[in-house]
$ cat upload.txt   # compact mmCIF, C-alpha atoms
# COMPACT_ATOMS: atom_id res chain seq x y z
CA MET A 11 72.55 231.14 -67.36
CA ILE A 12 75.63 231.72 -65.25
CA ASP A 13 74.86 232.97 -61.76
CA ARG A 14 77.74 235.39 -61.40
CA HIS A 15 76.71 236.44 -57.89
CA GLY A 16 76.43 232.83 -56.79
CA GLU A 17 79.85 231.95 -58.16
CA THR A 18 81.36 235.04 -56.62
CA GLN A 19 79.81 234.40 -53.24
CA GLU A 20 80.92 230.77 -53.28
CA LEU A 21 84.46 232.02 -53.72
CA LEU A 22 83.97 234.64 -51.02
CA ALA A 23 82.95 231.92 -48.56
CA GLY A 24 86.29 230.20 -49.13
CA TYR A 25 88.10 233.52 -49.16
CA VAL A 26 86.98 234.58 -45.67
CA LEU A 27 87.92 231.13 -44.38
CA GLN A 28 91.36 231.51 -45.97
CA SER A 29 90.88 228.13 -47.60
CA LEU A 30 91.15 228.97 -51.29
CA SER A 31 93.83 227.44 -53.45
CA SER A 32 96.20 229.91 -55.08
CA GLU A 33 94.28 229.83 -58.35
CA ASP A 34 90.92 230.48 -56.69
CA ALA A 35 92.51 233.09 -54.43
CA ALA A 36 93.71 234.98 -57.51
CA GLU A 37 90.21 234.84 -58.96
CA ALA A 38 88.77 236.04 -55.64
CA ASP A 39 91.22 238.93 -55.62
CA ARG A 40 90.11 239.84 -59.14
CA LEU A 41 86.44 239.74 -58.16
CA LEU A 42 87.12 241.73 -55.02
CA THR A 43 88.68 244.38 -57.19
CA GLU A 44 86.41 244.37 -60.20
CA HIS A 45 83.01 243.10 -59.10
CA VAL A 46 82.44 243.26 -55.36
CA PRO A 47 83.01 247.01 -54.81
CA GLY A 48 80.20 247.80 -57.23
CA CYS A 49 77.84 244.99 -56.24
CA SER A 50 75.86 245.67 -53.11
CA GLU A 51 74.60 242.08 -52.95
CA CYS A 52 78.06 240.54 -52.99
CA ARG A 53 79.47 243.23 -50.71
CA MET A 54 76.75 242.52 -48.19
CA MET A 55 77.45 238.79 -48.41
CA LEU A 56 81.18 239.39 -47.92
CA ASP A 57 80.50 241.41 -44.77
CA ALA A 58 78.11 238.72 -43.54
CA PHE A 59 80.63 235.95 -44.15
CA GLN A 60 83.36 237.88 -42.40
CA ALA A 61 81.07 238.32 -39.42
CA VAL A 62 80.32 234.59 -39.42
CA THR A 63 84.03 233.73 -39.33
CA GLY A 64 84.42 236.00 -36.31
CA GLU A 65 81.52 234.28 -34.57
CA LEU A 66 82.81 230.84 -35.51
CA SER A 67 85.84 231.48 -33.34
CA LEU A 68 83.64 231.20 -30.27
CA ASP A 69 83.32 227.47 -30.86
CA ALA A 70 86.83 227.19 -29.44
CA ASP A 71 86.88 226.97 -25.65
CA PRO A 72 88.39 230.03 -23.98
CA VAL A 73 91.75 229.37 -22.40
CA ARG A 74 93.52 231.66 -19.95
CA PRO A 75 96.70 232.86 -21.62
CA PRO A 76 100.00 232.62 -19.73
CA ASP A 77 100.39 235.38 -17.15
CA PRO A 78 103.61 236.83 -18.67
CA LEU A 79 101.88 237.55 -21.97
CA LEU A 80 100.26 240.87 -21.02
CA PRO A 81 103.44 242.31 -19.44
CA ARG A 82 105.30 241.28 -22.60
CA ILE A 83 102.78 243.16 -24.70
CA HIS A 84 102.96 246.15 -22.37
CA ARG A 85 106.72 246.33 -22.79
CA GLU A 86 106.38 246.47 -26.56
CA MET A 87 103.63 249.06 -26.58
CA GLU A 88 106.28 251.77 -26.21
CA PRO A 89 107.35 253.32 -28.44
CA ARG A 90 104.48 253.20 -30.82
CA GLY A 91 105.02 252.28 -34.43
CA ARG A 92 105.16 254.89 -37.14
CA TRP A 93 101.86 253.66 -38.48
CA GLY A 94 100.05 254.07 -35.19
CA ALA A 95 97.16 256.44 -35.37
CA ARG A 96 98.52 258.46 -32.48
CA SER A 97 102.03 258.82 -33.78
CA THR A 98 101.61 259.76 -37.40
CA PRO A 99 101.03 263.47 -37.61
CA GLY A 100 102.06 263.34 -41.22
CA ARG A 101 99.81 260.43 -42.04
CA LEU A 102 98.93 260.66 -45.64
CA VAL A 103 96.14 258.25 -46.23
CA ALA A 104 93.25 260.44 -47.25
CA ALA A 105 89.60 259.96 -46.44
CA VAL A 106 86.79 259.61 -48.87
CA ALA A 107 85.31 262.51 -50.76
CA SER A 108 81.71 263.33 -50.12
CA VAL A 109 81.69 265.64 -53.05
CA ALA A 110 82.83 265.00 -56.56
CA LEU A 111 86.28 266.30 -57.30
CA VAL A 112 87.70 266.20 -60.75
CA VAL A 113 91.23 267.27 -61.44
CA GLY A 114 91.98 267.05 -65.11
CA VAL A 115 95.48 267.91 -66.16
CA GLY A 116 97.51 266.22 -68.85
CA GLY A 117 95.05 263.40 -69.22
CA LEU A 118 94.91 262.67 -65.53
CA ALA A 119 91.42 262.67 -64.15
CA LEU A 120 90.75 261.92 -60.54
CA ALA A 121 87.14 261.58 -59.62
CA GLN A 122 85.95 260.85 -56.14
CA HIS A 123 82.26 260.34 -55.61
CA GLY A 124 80.57 259.62 -52.36
CA GLY A 125 77.05 259.36 -51.04
CA PRO A 126 75.59 261.21 -48.13
CA SER A 127 76.84 258.58 -45.69
CA THR A 128 80.41 258.65 -46.94
CA PRO A 129 82.95 260.26 -44.61
CA GLN A 130 84.15 263.67 -45.63
CA VAL A 131 87.53 263.81 -47.25
CA PRO A 132 89.83 266.33 -45.58
CA THR A 133 89.98 269.21 -47.98
CA ALA A 134 93.69 269.62 -47.33
CA ASP A 135 94.43 266.07 -48.51
CA VAL A 136 92.56 266.48 -51.75
CA GLN A 137 94.06 269.92 -52.27
CA GLU A 138 97.56 268.54 -51.83
CA LEU A 139 97.04 266.08 -54.64
CA ALA A 140 95.39 268.68 -56.84
CA ASP A 141 98.27 271.11 -56.25
CA TYR A 142 100.81 268.42 -57.01
CA VAL A 143 99.13 267.51 -60.29
CA ILE A 144 98.78 271.11 -61.36
CA GLN A 145 102.24 272.26 -60.32
CA HIS A 146 104.16 269.30 -61.74
CA HIS A 147 102.38 268.72 -65.02
CA PRO A 148 103.02 266.46 -66.89
CA ILE A 149 102.53 263.76 -64.28
CA GLN A 150 103.88 260.26 -64.83
CA GLN A 151 101.44 257.48 -64.04
CA GLN A 152 102.74 254.00 -63.23
CA PRO A 153 100.15 251.24 -62.60
CA LEU A 154 100.77 249.29 -59.41
CA GLY A 155 97.92 246.82 -59.91
CA GLY A 156 94.82 246.57 -57.76
CA ASN A 157 93.45 249.77 -59.30
CA ALA A 158 96.25 251.76 -57.73
CA GLN A 159 98.91 253.80 -59.46
CA GLU A 160 102.02 255.75 -58.68
CA LEU A 161 101.91 259.43 -59.60
CA SER A 162 105.26 261.15 -59.86
CA ALA A 163 107.03 263.97 -61.62
CA PRO A 164 110.68 264.12 -62.78
CA GLY A 165 112.92 266.00 -60.37
CA VAL A 166 110.26 266.22 -57.68
CA GLN A 167 111.18 264.46 -54.46
CA GLU A 168 107.64 263.54 -53.66
CA LEU A 169 105.12 261.14 -55.11
CA PHE A 170 101.58 259.92 -54.56
CA VAL A 171 99.97 256.51 -54.59
CA TYR A 172 96.37 256.82 -55.62
CA GLY A 173 93.66 254.28 -56.22
CA ARG A 174 89.94 253.73 -56.41
CA GLY A 175 88.16 250.44 -55.92
CA VAL A 176 91.18 249.03 -54.09
CA PRO A 177 90.06 245.90 -52.19
CA PHE A 178 90.49 245.67 -48.45
CA PRO A 179 93.43 243.32 -47.81
CA GLY A 180 91.59 241.23 -45.21
CA PRO A 181 91.25 241.19 -41.43
CA GLY A 182 94.46 242.03 -39.66
CA LEU A 183 96.34 242.82 -42.85
CA VAL A 184 97.69 246.00 -44.36
CA TYR A 185 99.20 246.91 -47.68
CA ARG A 186 102.91 247.55 -47.40
CA LEU A 187 104.69 249.81 -49.84
CA TRP A 188 108.33 249.20 -50.81
CA ALA A 189 110.80 251.07 -52.96
CA VAL A 190 112.63 248.39 -54.90
CA SER A 191 116.09 248.82 -56.37
CA ARG A 192 118.16 246.15 -58.10
CA HIS A 193 119.04 244.18 -54.99
CA HIS A 194 117.27 246.01 -52.23
CA ALA A 195 113.78 246.83 -51.04
CA THR A 196 113.12 249.69 -48.66
CA HIS A 197 109.96 249.85 -46.61
CA LEU A 198 108.14 253.13 -47.20
CA HIS A 199 104.72 252.97 -45.69
CA ASP A 200 101.76 250.80 -44.63
CA PHE A 201 98.27 251.71 -45.66
CA LEU A 202 94.65 250.59 -45.85
CA PRO A 203 91.99 251.62 -48.34
CA TYR A 204 89.13 253.71 -47.09
CA PRO A 205 85.72 252.03 -46.92
CA ASP A 206 84.90 252.79 -50.55
CA GLY A 207 88.26 251.52 -51.77
CA THR A 208 89.96 254.90 -52.07
CA VAL A 209 93.68 255.09 -51.43
CA LEU A 210 95.66 258.32 -51.33
CA VAL A 211 99.18 258.26 -49.94
CA ARG A 212 101.79 261.00 -50.25
CA LEU A 213 105.44 260.08 -49.84
CA ALA A 214 108.48 262.31 -49.52
CA VAL A 215 110.61 260.10 -51.72
CA ASP A 216 112.75 260.84 -54.76
CA PRO A 217 111.28 258.65 -57.54
CA SER A 218 114.72 258.44 -59.20
CA SER A 219 116.20 256.78 -56.11
CA PHE A 220 114.59 253.39 -56.81
CA ASP A 221 113.55 251.24 -59.76
CA HIS A 222 109.90 250.66 -58.97
CA LEU A 223 107.33 250.53 -56.18
CA LEU A 224 106.03 247.24 -54.87
CA VAL A 225 102.89 246.67 -52.81
CA THR A 226 102.68 243.57 -50.62
CA VAL A 227 100.09 242.33 -48.14
CA GLU A 228 101.43 241.88 -44.64
CA PRO A 229 100.11 241.33 -41.12
CA ALA A 230 99.30 244.67 -39.52
CA GLY A 231 101.92 245.71 -37.02
CA SER A 232 104.51 243.22 -38.26
CA GLN A 233 108.12 244.22 -38.64
CA PRO A 234 108.88 245.24 -42.23
CA SER A 235 111.97 243.12 -42.79
CA GLU A 236 111.61 242.08 -46.40
CA PRO A 237 108.74 242.04 -48.90
CA GLY A 238 106.35 239.11 -48.98
CA ASP A 239 104.22 238.20 -51.95
CA PRO A 240 103.02 241.04 -54.20
CA ALA A 241 99.52 242.21 -53.39
CA TRP A 242 98.68 242.50 -57.04
CA PRO A 243 100.75 240.14 -59.18
CA GLU A 244 99.24 241.54 -62.37
CA ALA A 245 101.35 244.66 -61.90
CA GLY A 246 104.28 242.59 -63.10
CA MET B 29 73.44 246.05 -30.55
CA ARG B 30 74.25 244.10 -27.40
CA ASP B 31 75.54 245.88 -24.32
CA GLY B 32 78.84 244.02 -24.54
CA ASP B 33 79.32 245.14 -28.14
CA ARG B 34 78.49 248.72 -27.21
CA ASP B 35 81.04 248.67 -24.41
CA ASP B 36 83.63 247.27 -26.82
CA LEU B 37 83.04 250.20 -29.16
CA GLU B 38 83.73 252.63 -26.36
CA PHE B 39 86.88 250.79 -25.29
CA HIS B 40 88.07 250.74 -28.88
CA ARG B 41 87.42 254.45 -29.24
CA ARG B 42 89.47 255.16 -26.15
CA LEU B 43 92.21 252.79 -27.26
CA SER B 44 92.39 254.67 -30.56
CA GLU B 45 93.19 257.77 -28.52
CA GLY B 46 96.04 255.98 -26.78
CA ASP B 47 94.24 254.89 -23.61
CA ARG B 48 96.18 251.93 -22.25
CA GLY B 49 93.47 251.21 -19.70
CA ALA B 50 91.02 250.64 -22.54
CA PHE B 51 93.55 248.33 -24.18
CA ASP B 52 93.86 246.34 -20.95
CA GLU B 53 90.10 246.06 -20.69
CA LEU B 54 89.85 244.67 -24.23
CA TYR B 55 92.67 242.28 -23.36
CA ARG B 56 90.79 241.17 -20.26
CA ARG B 57 87.69 240.58 -22.33
CA TYR B 58 89.22 238.82 -25.31
CA ALA B 59 92.55 237.31 -24.39
CA GLY B 60 90.91 234.07 -23.28
CA ALA B 61 88.80 233.68 -26.39
CA ALA B 62 91.74 234.67 -28.57
CA TYR B 63 94.15 232.29 -26.88
CA GLY B 64 91.64 229.44 -26.98
CA LEU B 65 91.09 230.01 -30.69
CA ALA B 66 94.78 230.34 -31.49
CA TYR B 67 95.55 227.24 -29.49
CA ARG B 68 92.88 225.22 -31.26
CA VAL B 69 94.18 226.26 -34.68
CA THR B 70 97.90 225.98 -33.99
CA GLY B 71 97.78 223.19 -31.44
CA GLN B 72 100.81 224.60 -29.63
CA GLN B 73 100.97 226.99 -26.71
CA ILE B 74 104.04 228.80 -27.91
CA LEU B 75 102.47 229.49 -31.30
CA ALA B 76 99.19 230.47 -29.70
CA GLN B 77 101.03 232.99 -27.51
CA ASP B 78 102.69 234.50 -30.54
CA VAL B 79 99.37 234.79 -32.33
CA VAL B 80 97.65 236.52 -29.41
CA HIS B 81 100.65 238.78 -28.86
CA ASP B 82 100.74 239.80 -32.51
CA ALA B 83 97.00 240.36 -32.67
CA PHE B 84 96.94 242.66 -29.64
CA MET B 85 100.01 244.53 -30.87
CA ALA B 86 98.29 245.02 -34.23
CA LEU B 87 95.23 246.32 -32.43
CA TRP B 88 97.35 248.82 -30.53
CA ARG B 89 99.32 249.94 -33.55
CA THR B 90 96.52 250.06 -36.11
CA PRO B 91 93.24 250.50 -34.30
CA GLU B 92 91.80 252.07 -37.43
CA ALA B 93 91.77 248.62 -39.04
CA PHE B 94 88.52 248.05 -37.16
CA ASP B 95 85.57 249.65 -38.89
CA PRO B 96 82.53 249.70 -36.57
CA ALA B 97 80.26 249.89 -39.61
CA ARG B 98 81.29 246.39 -40.61
CA GLY B 99 80.26 244.60 -37.44
CA PRO B 100 81.04 244.16 -33.75
CA PHE B 101 84.58 244.55 -32.48
CA ARG B 102 84.45 240.97 -31.19
CA THR B 103 84.05 239.47 -34.68
CA PHE B 104 86.72 241.75 -36.12
CA PHE B 105 89.26 240.92 -33.47
CA LEU B 106 88.69 237.19 -33.36
CA ALA B 107 88.76 237.07 -37.16
CA LEU B 108 92.12 238.83 -36.93
CA VAL B 109 93.35 236.23 -34.45
CA HIS B 110 92.14 233.41 -36.65
CA HIS B 111 93.79 234.89 -39.71
CA ARG B 112 97.10 235.15 -37.91
CA ALA B 113 96.83 231.65 -36.51
CA VAL B 114 96.22 230.11 -39.92
CA ASP B 115 98.92 232.25 -41.45
CA LEU B 116 101.38 231.18 -38.79
CA VAL B 117 100.79 227.45 -39.06
CA ARG B 118 101.14 227.67 -42.82
CA ARG B 119 104.31 229.69 -42.60
CA GLU B 120 105.72 227.29 -40.08
CA SER B 121 105.12 224.50 -42.59
CA ARG B 122 103.69 222.33 -39.91
CA LEU B 123 100.55 221.39 -41.70
CA ARG B 124 101.61 217.76 -41.99
CA ALA B 125 101.44 217.41 -38.26
CA ARG B 126 98.13 219.12 -37.96
CA SER B 127 95.95 216.03 -38.19
CA GLU B 128 97.61 214.60 -35.13
CA ARG B 129 97.49 217.91 -33.31
CA ALA B 130 93.82 218.43 -34.05
CA ALA B 131 93.05 215.04 -32.58
CA ASN B 132 95.44 215.37 -29.67
CA LEU B 133 96.29 218.93 -28.74
CA GLU B 134 99.45 219.57 -26.81
CA PRO B 135 98.46 219.36 -23.14
CA LEU B 136 98.12 222.74 -21.55
CA VAL B 137 100.59 223.27 -18.75
CA GLY B 138 98.74 223.73 -15.51
CA GLU B 139 95.42 223.11 -17.17
CA ASP B 140 92.79 222.54 -14.58
CA PRO B 141 89.08 222.32 -15.32
CA ALA B 142 88.47 224.06 -12.03
CA ASP B 143 90.55 226.96 -13.30
CA ALA B 144 88.14 227.59 -16.15
CA ILE B 145 88.46 231.11 -17.40
CA ALA B 146 85.80 233.50 -16.31
CA GLU B 147 84.60 235.44 -19.29
CA GLU B 148 82.06 238.11 -19.88
CA SER B 149 78.55 236.73 -19.65
CA TYR B 150 77.60 238.10 -23.05
CA LEU B 151 80.48 236.19 -24.62
CA GLY B 152 79.35 233.02 -22.93
CA VAL B 153 75.83 233.54 -24.22
CA ARG B 154 77.07 234.13 -27.73
CA ARG B 155 79.33 231.10 -27.50
CA LYS B 156 76.31 228.95 -26.68
CA GLU B 157 74.43 230.43 -29.62
CA VAL B 158 77.29 229.77 -32.02
CA ARG B 159 77.54 226.16 -30.92
CA GLU B 160 73.80 225.78 -31.30
CA ALA B 161 74.01 227.20 -34.81
CA LEU B 162 76.92 224.93 -35.70
CA ALA B 163 75.05 221.91 -34.41
CA SER B 164 72.19 222.73 -36.76
CA LEU B 165 74.39 222.25 -39.83
CA PRO B 166 74.34 218.96 -41.74
CA SER B 167 77.37 216.96 -40.62
CA GLU B 168 79.07 217.02 -44.02
CA GLN B 169 78.83 220.81 -44.15
CA ARG B 170 80.04 221.23 -40.63
CA GLN B 171 82.95 218.93 -41.39
CA VAL B 172 84.33 221.01 -44.29
CA LEU B 173 83.78 224.19 -42.33
CA GLU B 174 85.75 222.94 -39.34
CA MET B 175 88.51 221.51 -41.50
CA ALA B 176 88.90 224.88 -43.17
CA TYR B 177 88.47 227.11 -40.16
CA PHE B 178 90.04 225.21 -37.31
CA GLY B 179 92.17 222.88 -39.39
CA GLY B 180 93.61 225.66 -41.54
CA LYS B 181 93.28 223.47 -44.62
CA THR B 182 92.70 224.67 -48.14
CA GLN B 183 89.71 223.45 -50.08
CA VAL B 184 92.04 221.42 -52.28
CA GLN B 185 93.49 219.69 -49.20
CA ILE B 186 90.01 219.03 -47.84
CA ALA B 187 88.92 217.50 -51.13
CA GLU B 188 91.96 215.23 -51.18
CA GLU B 189 91.56 214.23 -47.56
CA LEU B 190 87.87 213.43 -47.88
CA GLY B 191 88.18 211.96 -51.37
CA ILE B 192 85.48 214.18 -52.81
CA PRO B 193 85.54 216.62 -55.76
CA LEU B 194 86.80 220.13 -55.13
CA GLY B 195 83.49 221.48 -56.40
CA THR B 196 81.68 219.56 -53.69
CA VAL B 197 83.90 221.11 -51.04
CA LYS B 198 83.15 224.57 -52.41
CA THR B 199 79.41 223.89 -52.53
CA ARG B 200 79.35 222.52 -48.99
CA THR B 201 81.41 225.42 -47.68
CA PHE B 202 79.15 227.97 -49.30
CA ALA B 203 76.02 226.23 -48.04
CA ALA B 204 77.49 225.95 -44.55
CA MET B 205 78.38 229.63 -44.39
CA ARG B 206 74.94 230.69 -45.57
CA LYS B 207 73.15 228.37 -43.16
CA LEU B 208 75.36 229.40 -40.29
CA ARG B 209 74.70 233.03 -41.00
CA ALA B 210 70.95 232.43 -41.13
CA ALA B 211 71.01 230.30 -38.00
CA LEU B 212 72.98 232.90 -36.06
CA GLU B 213 70.56 235.62 -37.11
CA GLU B 214 67.61 233.50 -36.12
CA ILE B 215 69.08 232.55 -32.76
CA SER B 216 70.05 236.15 -32.06

$ encode --input "upload.txt" --output "structure tokens"
Amino acid sequence: MIDRHGETQELLAGYVLQSLSSEDAAEADRLLTEHVPGCSECRMMLDAFQAVTGELSLDADPVRPPDPLLPRIHREMEPRGRWGARSTPGRLVAAVASVALVVGVGGLALAQHGGPSTPQVPTADVQELADYVIQHHPIQQQPLGGNAQELSAPGVQELFVYGRGVPFPGPGLVYRLWAVSRHHATHLHDFLPYPDGTVLVRLAVDPSSFDHLLVTVEPAGSQPSEPGDPAWPEAG
Amino acid sequence: MRDGDRDDLEFHRRLSEGDRGAFDELYRRYAGAAYGLAYRVTGQQILAQDVVHDAFMALWRTPEAFDPARGPFRTFFLALVHHRAVDLVRRESRLRARSERAANLEPLVGEDPADAIAEESYLGVRRKEVREALASLPSEQRQVLEMAYFGGKTQVQIAEELGIPLGTVKTRTFAAMRKLRAALEEIS
């Protein structure tokens, strides 16, 4: 009998060490999307392995960093980036619903379920999406991969990126959203899934102004110069 | 939860509200560990500086990336540093030189054993525990773990270097991670 948990966890061990080959990394990504979010055993093991990798770092001897490093960091701490928690009044990543919400219009059903320990989703965030879906029916849905999709409506200069079961991109990483035209990619936004894998991002962008959206995985806080590898290659 | 971890949580909370003093305190606590780790992985001071710089900037810009429910701040932040260090050496395409670097790290300018960094006592205690746990691993498991973690090598590279099947590398890695986890829990 195949021990699916064992195979998954063996991959997760290599995943947290960043030592998987590209083929195994793709399989790990698939499992992180399809299996791990719904498997408490594997989720617990993933958390445990990630903790172990953090502890493992202590095997390296501490070394005093060069004195100019902190002043250099201080200089760059102002101004804060657009993604900083203190400088994004219009931040659009929603929290997780603690109640079930179902919006069913034109075949679009959004269901968010959460247990008693799940953070409350801001009502305003959920209401914004519900209003958008209702007001701009029919909504166009474009899969982005990774259980996420683009929701847009013709002639409406606003769109949403929504997903459930979206895997966390890894320590120190964020998902980066780009609007891609024929020869150009424009950085739109960085985001992280909420603890249960929910993603809800609203963007004031005209969907007709680009060809398609692209999601990449990038180091948090890095300069968005050009897109790296797609986060979810299956999106094509 | 240890006192040091509890203090970290409070500093992180304040940092999330824009408190630069809390940022400086976390820097004071973790810059040495972070730089030591980055230096061991990259083998070069200039790269290690970049890694530590980027990690602290990421912490300042996206403090919400740390979820206290998933473990202590210390493990989150040092995992972040490690991730960046490995990412950097791979991007720099300097892996071919890594074997030499691992065996003979670039000398640290001004390095003086007497100038050993003073770190928080709880970190020193944990460091001793981690080393104790690592020492309890069978040598072949510890070897693949260190090649992956500190060497930044993929499992395929490890298999080629050691002349063993890829499946064996995976099995040893998995076993090492499980044993290390158990050993750390037991020691704690």

$ residues_around --input "upload.txt" --residues "segment 11-27 of chain A" --least-positions-apart "2" --cutoff "6 Å" --atoms "only C-alpha atoms" --output "list in words"
Ser29, Leu30 and Gln60 of chain A; Tyr177 and Phe202 of chain B

$ closest_residue --input "upload.txt" --among "A:Val62, A:Leu154, A:Ala70, A:Val176" --to "Val225 of chain A" --atoms "all atoms listed in the file"
A:Leu154

$ residues_around --input "upload.txt" --residues "Pro81 of chain A" --least-positions-apart "5" --cutoff "12 Å" --atoms "all atoms listed in the file" --output "number ranges by chain"
A: 75-76, 86-88; B: 52, 55, 81

$ atom_distance --input "upload.txt" --atom1 "atom CA of His194 of chain A" --atom2 "atom CA of Gly238 of chain A"
13.3 Å

$ atom_distance --input "upload.txt" --atom1 "atom CA of Gln169 of chain B" --atom2 "atom CA of Val80 of chain B"
28.6 Å

$ closest_atom_pairs --input "upload.txt" --of "chain A" --to "chain B" --cutoff "9 Å" --atoms "only C-alpha atoms" --output "CSV"
residue,atom,partner,partner_atom,distance
A:Gln19,CA,B:Phe202,CA,7.6
A:Glu20,CA,B:Phe202,CA,5.2
A:Leu21,CA,B:Lys198,CA,7.7
A:Leu22,CA,B:Phe202,CA,8.4
A:Ala23,CA,B:Phe202,CA,5.5
A:Gly24,CA,B:Thr201,CA,7.0
A:Leu27,CA,B:Tyr177,CA,5.9
A:Gln28,CA,B:Thr182,CA,7.3
A:Ser29,CA,B:Thr182,CA,3.9
A:Leu30,CA,B:Thr182,CA,5.6
A:Ser31,CA,B:Thr182,CA,6.1
A:Met55,CA,B:Arg206,CA,8.9
A:Asp57,CA,B:Arg98,CA,6.5
A:Ala58,CA,B:Arg209,CA,7.1
A:Phe59,CA,B:Met205,CA,6.7
A:Gln60,CA,B:Ala107,CA,7.6
A:Ala61,CA,B:Thr103,CA,5.7
A:Val62,CA,B:Arg209,CA,6.0
A:Thr63,CA,B:Ala107,CA,6.2
A:Gly64,CA,B:Thr103,CA,3.9
A:Glu65,CA,B:Thr103,CA,5.8
A:Leu66,CA,B:Val158,CA,6.6
A:Ser67,CA,B:Leu65,CA,6.1
A:Leu68,CA,B:Arg155,CA,5.1
A:Asp69,CA,B:Arg159,CA,5.9
A:Ala70,CA,B:Leu65,CA,5.3
A:Asp71,CA,B:Gly64,CA,5.5
A:Pro72,CA,B:Ala61,CA,4.4
A:Val73,CA,B:Gly64,CA,4.6
A:Arg74,CA,B:Gly60,CA,4.9
A:Pro75,CA,B:Tyr63,CA,5.9
A:Pro76,CA,B:Gln77,CA,7.9
A:Leu79,CA,B:His81,CA,7.1
A:Leu80,CA,B:Tyr55,CA,8.1
A:Arg82,CA,B:His81,CA,8.2
A:Ile83,CA,B:His81,CA,6.4
A:His84,CA,B:Arg48,CA,8.9
A:Glu86,CA,B:Met85,CA,7.9
A:Met87,CA,B:Met85,CA,7.2
A:Arg90,CA,B:Arg89,CA,6.7
A:Gly91,CA,B:Arg89,CA,6.2
A:Arg92,CA,B:Arg89,CA,8.5
A:Trp93,CA,B:Arg89,CA,6.7
A:Gly94,CA,B:Arg89,CA,4.5
A:Ala95,CA,B:Thr90,CA,6.5
A:Arg96,CA,B:Glu45,CA,6.7
A:Gly180,CA,B:Leu108,CA,8.6
A:Pro181,CA,B:Leu108,CA,5.2
A:Gly182,CA,B:Leu108,CA,4.8
A:Leu183,CA,B:Leu108,CA,8.3
A:Val184,CA,B:Ala93,CA,8.4
A:Leu202,CA,B:Ala93,CA,7.7
A:Pro205,CA,B:Asp95,CA,8.4
A:Pro229,CA,B:Arg112,CA,7.6
A:Ala230,CA,B:Ala86,CA,5.4
A:Gly231,CA,B:Ala86,CA,4.6
A:Ser232,CA,B:Ala86,CA,7.6

$ atom_distance --input "upload.txt" --atom1 "atom CA of Gln171 of chain B" --atom2 "atom CA of Glu189 of chain B"
11.6 Å

$ residues_near_point --input "upload.txt" --point "(93.7, 241.5, -55.5)" --cutoff "10 Å" --atoms "only C-alpha atoms" --output "list in words"
Ala35, Ala36, Glu37, Ala38, Asp39, Arg40, Leu41, Leu42, Thr43, Glu44, Gly155, Gly156, Asn157, Val176, Pro177, Phe178, Pro179, Val227, Pro240, Ala241, Trp242, Pro243 and Glu244 of chain A

$ write_last_selection --input "upload.txt" --atoms "C-alpha atoms" --output "PDB file, keeping the file's coordinate frame"
ATOM      1  CA  ALA A  35      92.510 233.090 -54.430  1.00  0.00           C
ATOM      2  CA  ALA A  36      93.710 234.980 -57.510  1.00  0.00           C
ATOM      3  CA  GLU A  37      90.210 234.840 -58.960  1.00  0.00           C
ATOM      4  CA  ALA A  38      88.770 236.040 -55.640  1.00  0.00           C
ATOM      5  CA  ASP A  39      91.220 238.930 -55.620  1.00  0.00           C
ATOM      6  CA  ARG A  40      90.110 239.840 -59.140  1.00  0.00           C
ATOM      7  CA  LEU A  41      86.440 239.740 -58.160  1.00  0.00           C
ATOM      8  CA  LEU A  42      87.120 241.730 -55.020  1.00  0.00           C
ATOM      9  CA  THR A  43      88.680 244.380 -57.190  1.00  0.00           C
ATOM     10  CA  GLU A  44      86.410 244.370 -60.200  1.00  0.00           C
ATOM     11  CA  GLY A 155      97.920 246.820 -59.910  1.00  0.00           C
ATOM     12  CA  GLY A 156      94.820 246.570 -57.760  1.00  0.00           C
ATOM     13  CA  ASN A 157      93.450 249.770 -59.300  1.00  0.00           C
ATOM     14  CA  VAL A 176      91.180 249.030 -54.090  1.00  0.00           C
ATOM     15  CA  PRO A 177      90.060 245.900 -52.190  1.00  0.00           C
ATOM     16  CA  PHE A 178      90.490 245.670 -48.450  1.00  0.00           C
ATOM     17  CA  PRO A 179      93.430 243.320 -47.810  1.00  0.00           C
ATOM     18  CA  VAL A 227     100.090 242.330 -48.140  1.00  0.00           C
ATOM     19  CA  PRO A 240     103.020 241.040 -54.200  1.00  0.00           C
ATOM     20  CA  ALA A 241      99.520 242.210 -53.390  1.00  0.00           C
ATOM     21  CA  TRP A 242      98.680 242.500 -57.040  1.00  0.00           C
ATOM     22  CA  PRO A 243     100.750 240.140 -59.180  1.00  0.00           C
ATOM     23  CA  GLU A 244      99.240 241.540 -62.370  1.00  0.00           C
TER      24      GLU A 244
END

$ axis_aligned_box --input "upload.txt" --around "segment 82-87 of chain B" --padding-each-side "8 Å" --output "JSON"
{"center_x": 98.0, "center_y": 243.1, "center_z": -31.9, "size_x": 21.5, "size_y": 22.5, "size_z": 20.6}

$ residues_near_point --input "upload.txt" --point "(110.2, 248.4, -56.9)" --cutoff "6 Å" --atoms "all atoms listed in the file" --output "PyMOL selection string"
chain A and resi 189-191+221-224

$ residues_around --input "upload.txt" --residues "Pro164 of chain A" --least-positions-apart "6" --cutoff "10 Å" --atoms "only C-alpha atoms" --output "CSV table (one decimal) with C-alpha atoms, in the frame of the given file"
chain,number,residue,atom,x,y,z
A,146,HIS,CA,104.2,269.3,-61.7
A,147,HIS,CA,102.4,268.7,-65.0
A,148,PRO,CA,103.0,266.5,-66.9
A,149,ILE,CA,102.5,263.8,-64.3
A,150,GLN,CA,103.9,260.3,-64.8
A,216,ASP,CA,112.8,260.8,-54.8
A,217,PRO,CA,111.3,258.6,-57.5
A,218,SER,CA,114.7,258.4,-59.2
